[in-house]
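Shown next: structure-v7.cif, given as mmCIF, C-alpha atoms.
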data_query
#
loop_
_atom_site.label_atom_id
_atom_site.label_comp_id
_atom_site.auth_asym_id
_atom_site.auth_seq_id
_atom_site.Cartn_x
_atom_site.Cartn_y
_atom_site.Cartn_z
CA MET A 136 244.89 67.93 194.12
CA LYS A 137 241.30 66.82 194.73
CA ARG A 138 240.61 63.17 195.48
CA SER A 139 238.58 62.74 192.28
CA LYS A 140 241.47 64.02 190.15
CA ILE A 141 243.90 61.68 191.88
CA LEU A 142 241.58 58.74 191.24
CA ASP A 143 241.19 59.74 187.59
CA LYS A 144 244.98 59.92 187.24
CA ILE A 145 245.38 56.43 188.74
CA LYS A 146 242.63 55.01 186.49
CA ASN A 147 244.21 56.52 183.36
CA ARG A 148 247.63 55.15 184.28
CA LEU A 149 246.25 51.68 184.96
CA SER A 150 244.35 51.77 181.67
CA ARG A 151 247.49 52.70 179.73
CA SER A 152 249.47 50.02 181.54
CA LEU A 153 246.86 47.39 180.72
CA ARG A 154 246.85 48.32 177.02
CA SER A 155 250.64 48.19 176.94
CA LEU A 156 250.66 44.86 178.77
CA ILE A 157 248.23 43.29 176.30
CA LYS A 158 250.34 44.53 173.39
CA LEU A 159 253.64 43.35 174.88
CA ARG A 160 252.32 39.93 175.82
CA SER A 161 251.57 39.32 172.16
CA LEU A 162 255.29 39.53 171.33
CA PRO A 163 257.33 36.35 170.93
CA VAL A 164 259.64 35.92 173.94
CA ILE A 165 263.21 34.72 173.36
CA SER A 166 266.19 33.97 175.59
CA PRO A 167 268.60 36.77 176.59
CA GLN A 168 271.48 35.13 174.73
CA LYS A 169 269.54 34.85 171.47
CA GLY A 170 267.93 38.23 171.99
CA TYR A 171 271.12 40.19 172.45
CA GLU A 172 272.79 38.37 169.57
CA LEU A 173 269.99 39.60 167.30
CA TRP A 174 269.83 43.04 168.92
CA ALA A 175 273.57 43.74 168.84
CA ALA A 176 273.57 45.19 165.32
CA THR A 177 271.11 47.94 166.21
CA TYR A 178 271.50 48.18 170.00
CA SER A 179 271.87 51.81 170.95
CA GLU A 180 273.16 53.44 174.10
CA ASN A 181 271.27 56.64 173.32
CA MET A 182 269.71 57.89 176.52
CA ASN A 183 266.09 56.84 176.99
CA PRO A 184 264.33 57.39 180.37
CA VAL A 185 265.54 54.06 181.75
CA GLN A 186 269.16 54.77 180.83
CA ILE A 187 269.04 58.38 182.01
CA LEU A 188 267.73 57.49 185.46
CA GLU A 189 269.84 54.34 185.82
CA SER A 190 273.05 56.02 184.67
CA LYS A 191 272.66 58.99 187.02
CA ALA A 192 271.86 56.85 190.07
CA LEU A 193 274.61 54.34 189.28
CA GLU A 194 277.26 57.03 188.93
CA GLU A 195 276.17 58.57 192.24
CA LEU A 196 276.75 55.24 194.01
CA LEU A 197 280.06 54.30 192.38
CA PRO A 198 282.90 53.87 194.88
CA PRO A 199 286.34 55.27 194.00
CA LEU A 200 287.64 53.19 191.08
CA GLU A 201 291.21 54.50 190.81
CA GLY A 202 293.53 51.49 190.46
CA CYS A 203 290.70 48.96 190.86
CA PHE A 204 290.01 45.68 189.07
CA VAL A 205 286.40 45.94 187.87
CA LEU A 206 284.10 43.19 186.57
CA ASP A 207 281.41 44.46 184.20
CA LEU A 208 278.89 41.61 184.40
CA GLY A 209 276.52 41.44 181.43
CA CYS A 210 278.63 44.09 179.74
CA GLY A 211 276.78 44.43 176.42
CA LYS A 212 278.63 47.00 174.35
CA GLY A 213 280.84 48.01 177.27
CA ARG A 214 279.13 51.09 178.71
CA ILE A 215 280.18 50.30 182.28
CA SER A 216 283.70 49.23 181.30
CA ARG A 217 284.16 52.55 179.54
CA LEU A 218 282.91 54.44 182.59
CA ALA A 219 285.20 52.48 184.92
CA LEU A 220 288.24 53.20 182.75
CA GLU A 221 287.33 56.89 182.70
CA ARG A 222 287.22 56.76 186.51
CA GLY A 223 290.76 55.35 186.66
CA ALA A 224 290.20 51.58 186.89
CA ARG A 225 293.41 49.65 186.43
CA LYS A 226 291.68 46.77 184.66
CA THR A 227 288.17 46.02 183.46
CA VAL A 228 286.75 42.66 182.44
CA GLY A 229 283.48 42.66 180.52
CA LEU A 230 281.62 39.35 180.56
CA ASP A 231 278.61 38.63 178.37
CA SER A 232 276.91 35.62 176.80
CA SER A 233 276.55 37.41 173.44
CA GLN A 234 279.57 37.18 171.16
CA SER A 235 278.15 39.93 168.95
CA MET A 236 277.88 42.33 171.89
CA LEU A 237 281.45 41.51 172.92
CA ARG A 238 282.76 42.16 169.41
CA ALA A 239 281.00 45.52 169.40
CA ALA A 240 282.46 46.41 172.81
CA SER A 241 285.97 45.42 171.75
CA ALA A 242 285.67 47.47 168.56
CA ALA A 243 284.45 50.54 170.45
CA ILE A 244 286.87 50.54 173.41
CA HIS A 245 290.53 50.59 172.46
CA SER A 246 292.38 50.05 175.72
CA ALA A 247 294.93 47.49 176.84
CA SER A 248 293.23 47.62 180.24
CA ALA A 249 289.87 46.42 178.86
CA HIS A 250 289.32 42.69 178.51
CA TRP A 251 286.35 40.76 177.14
CA VAL A 252 285.14 37.28 178.07
CA ARG A 253 282.24 35.27 176.75
CA GLY A 254 280.67 33.40 179.61
CA ASN A 255 277.82 32.62 181.96
CA ALA A 256 277.24 34.75 185.05
CA GLU A 257 276.16 31.63 186.93
CA VAL A 258 279.63 30.06 186.50
CA LEU A 259 282.21 32.85 186.62
CA PRO A 260 285.64 31.82 185.24
CA PHE A 261 287.67 33.97 187.64
CA LYS A 262 289.81 33.49 190.74
CA LYS A 263 288.59 33.94 194.27
CA GLY A 264 288.88 37.58 195.34
CA GLU A 265 290.07 38.72 191.90
CA PHE A 266 287.99 41.92 191.70
CA ASP A 267 287.61 45.06 193.78
CA VAL A 268 284.26 46.02 192.24
CA VAL A 269 281.55 44.07 190.39
CA ILE A 270 278.87 45.98 188.49
CA CYS A 271 275.73 44.32 187.10
CA ALA A 272 273.93 46.96 185.07
CA LEU A 273 270.43 46.10 183.81
CA MET A 274 271.27 42.40 183.78
CA MET A 275 269.87 40.58 186.84
CA GLY A 276 266.31 40.71 185.53
CA HIS A 277 267.32 38.15 182.90
CA VAL A 278 268.44 35.65 185.56
CA PRO A 279 265.75 33.26 186.87
CA GLU A 280 267.48 32.69 190.24
CA PRO A 281 269.89 35.53 191.16
CA ALA A 282 271.10 33.73 194.30
CA THR A 283 273.46 31.60 192.19
CA VAL A 284 274.92 34.66 190.46
CA LEU A 285 275.23 36.56 193.75
CA SER A 286 277.13 33.62 195.24
CA GLN A 287 279.52 33.63 192.27
CA ILE A 288 280.02 37.38 192.64
CA HIS A 289 280.74 37.00 196.35
CA ASN A 290 283.44 34.47 195.50
CA VAL A 291 285.28 36.65 192.97
CA LEU A 292 285.08 39.84 195.09
CA ARG A 293 287.84 40.60 197.57
CA PRO A 294 286.81 41.21 201.19
CA GLY A 295 285.61 44.80 201.42
CA GLY A 296 284.88 44.88 197.69
CA PHE A 297 281.80 46.55 196.25
CA LEU A 298 278.84 45.18 194.31
CA LEU A 299 276.52 47.47 192.36
CA ILE A 300 273.30 46.22 190.80
CA SER A 301 270.91 48.21 188.63
CA ASP A 302 267.76 47.00 186.93
CA PHE A 303 264.17 47.72 186.03
CA HIS A 304 262.27 48.35 189.25
CA PRO A 305 260.18 45.30 190.23
CA PHE A 306 257.08 47.51 190.27
CA GLU A 307 257.78 48.33 186.61
CA THR A 308 258.11 44.69 185.55
CA MET A 309 254.99 43.81 187.53
CA ARG A 310 252.98 46.23 185.48
CA GLY A 311 254.19 44.67 182.26
CA SER A 312 257.32 46.48 181.07
CA VAL A 313 259.68 44.31 179.05
CA ARG A 314 262.89 44.78 177.11
CA SER A 315 261.90 44.54 173.47
CA PHE A 316 263.58 45.27 170.14
CA ARG A 317 262.99 44.97 166.41
CA ASP A 318 265.17 42.58 164.45
CA VAL A 319 265.75 44.50 161.23
CA ASN A 320 266.74 41.37 159.31
CA GLN A 321 263.50 39.57 160.08
CA ASN A 322 261.42 42.74 160.43
CA ARG A 323 260.00 41.33 163.63
CA THR A 324 259.78 42.60 167.21
CA TYR A 325 260.81 40.37 170.10
CA ALA A 326 260.64 40.57 173.88
CA ILE A 327 263.62 39.26 175.84
CA ARG A 328 262.75 36.93 178.71
CA GLN A 329 262.98 38.60 182.10
CA TYR A 330 261.94 37.97 185.69
CA THR A 331 260.70 40.06 188.59
CA HIS A 332 262.95 40.09 191.66
CA LEU A 333 261.83 42.12 194.65
CA ILE A 334 264.45 44.25 196.37
CA GLU A 335 263.64 42.26 199.51
CA TYR A 336 265.03 39.21 197.67
CA TYR A 337 268.41 40.91 197.26
CA MET A 338 268.45 41.97 200.91
CA ARG A 339 267.81 38.42 202.11
CA SER A 340 270.48 37.06 199.76
CA PHE A 341 272.99 39.66 200.96
CA ASN A 342 272.39 38.71 204.60
CA LYS A 343 272.87 35.04 203.79
CA LEU A 344 276.05 35.47 201.71
CA GLY A 345 277.80 38.15 203.72
CA PHE A 346 277.10 41.46 201.98
CA ILE A 347 276.14 44.71 203.68
CA LEU A 348 273.63 46.86 201.80
CA GLU A 349 275.14 50.35 201.85
CA ASP A 350 272.80 52.39 199.68
CA LEU A 351 269.72 52.14 197.48
CA ARG A 352 268.21 54.49 194.91
CA GLU A 353 264.74 54.19 193.33
CA PRO A 354 264.51 57.16 190.93
CA LEU A 355 261.05 58.13 189.75
CA TYR A 356 259.73 58.65 186.24
CA LYS A 357 256.33 60.34 186.10
CA ASP A 358 255.88 59.71 189.83
CA PHE A 359 256.63 55.99 189.52
CA PRO A 360 259.87 54.08 190.29
CA LEU A 361 261.28 53.02 186.93
CA VAL A 362 264.64 51.56 187.96
CA PHE A 363 266.61 50.79 191.09
CA VAL A 364 270.31 50.87 191.88
CA LEU A 365 271.86 49.37 195.00
CA ARG A 366 275.37 49.20 196.38
CA ALA A 367 276.55 46.48 198.72
CA ARG A 368 279.92 45.66 200.26
CA LYS A 369 281.40 42.23 200.94
CA ILE A 370 282.12 41.70 204.61
#
Would you mind writing the file's structure down as structure tokens?
Amino acid sequence: MKRSKILDKIKNRLSRSLRSLIKLRSLPVISPQKGYELWAATYSENMNPVQILESKALEELLPPLEGCFVLDLGCGKGRISRLALERGARKTVGLDSSQSMLRAASAAIHSASAHWVRGNAEVLPFKKGEFDVVICALMMGHVPEPATVLSQIHNVLRPGGFLLISDFHPFETMRGSVRSFRDVNQNRTYAIRQYTHLIEYYMRSFNKLGFILEDLREPLYKDFPLVFVLRARKI
């Protein structure tokens, strides 16, 4: 491709991103707890580009789950809990701050091995070393300081246990992408508050806490990293 065409492509992408950013910044921003309470009624797990890329990369990095105790942190409607049970998990615990999301998850997944807890990821109500695997799917971006959550996760993971984190790629949030939805009752669109955390931040936190980064995926969408998925193991 000629240099001029490459430059034109970059200019067009930046222009589109700027228009989208201006539009999104005009949306009212609400807390994750309030946002997912309002969104729960219409929240869909239909596969959009984010979910397609994230789901594929996450499944590729899953450790064996047969007989495992799995914590689904920020579980929403239970997508990860369902996947873990399908992979043979002995027990899943889905934790979320939204009671409406938890009710939807409980109604959709009928298994004595699936449990649901309303709580705060920064203060996990579980025993030390209780879980073999902790999965945080598309959740960490809502946390202002992930170090606190990572410390809590380290405490509830057994030695040798696995942590998987997926989220919007920091490059994507830097160029203005947000999680937004329309509240059908109020006929109004909201953006849910989120933060940009560089992958370097996770690596530094892992070194400090005692995790080993085992793998990292940054799948592309239209030649740009849209999401990331990483897998770490507790030393």
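Closest approach to Lys169 in chain A among A:Leu259, A:Ala282, A:Ala326, A:Ala224: A:Ala326, based on all atoms listed in the file.
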Name the residues that the PyMOL selection byres ((chain A and resi 307-324) around 7) picks from the file above, as a PyMOL selection string, using the file's chain letters and numbers. chain A and resi 152+156+162+173-174+303-306+325-327+331+361
Write out as a ChimeraX atom specification the residues lying within 7 Å of range 186-196 of chain A, counting all atoms listed in the file and excluding same-chain residues fewer than 4 positions away. /A:182,301,352,354,362,364,366
Which polymer residues have any atom within 7 Å of an atom of Ser232 in chain A, counting only C-alpha atoms, with same-chain residues fewer than 3 positions away left out, as a PyMOL selection string? chain A and resi 168+253-255
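From CA of Tyr171 in chain A back to CA of Thr227 in chain A, the distance works out to 21.1 Å.
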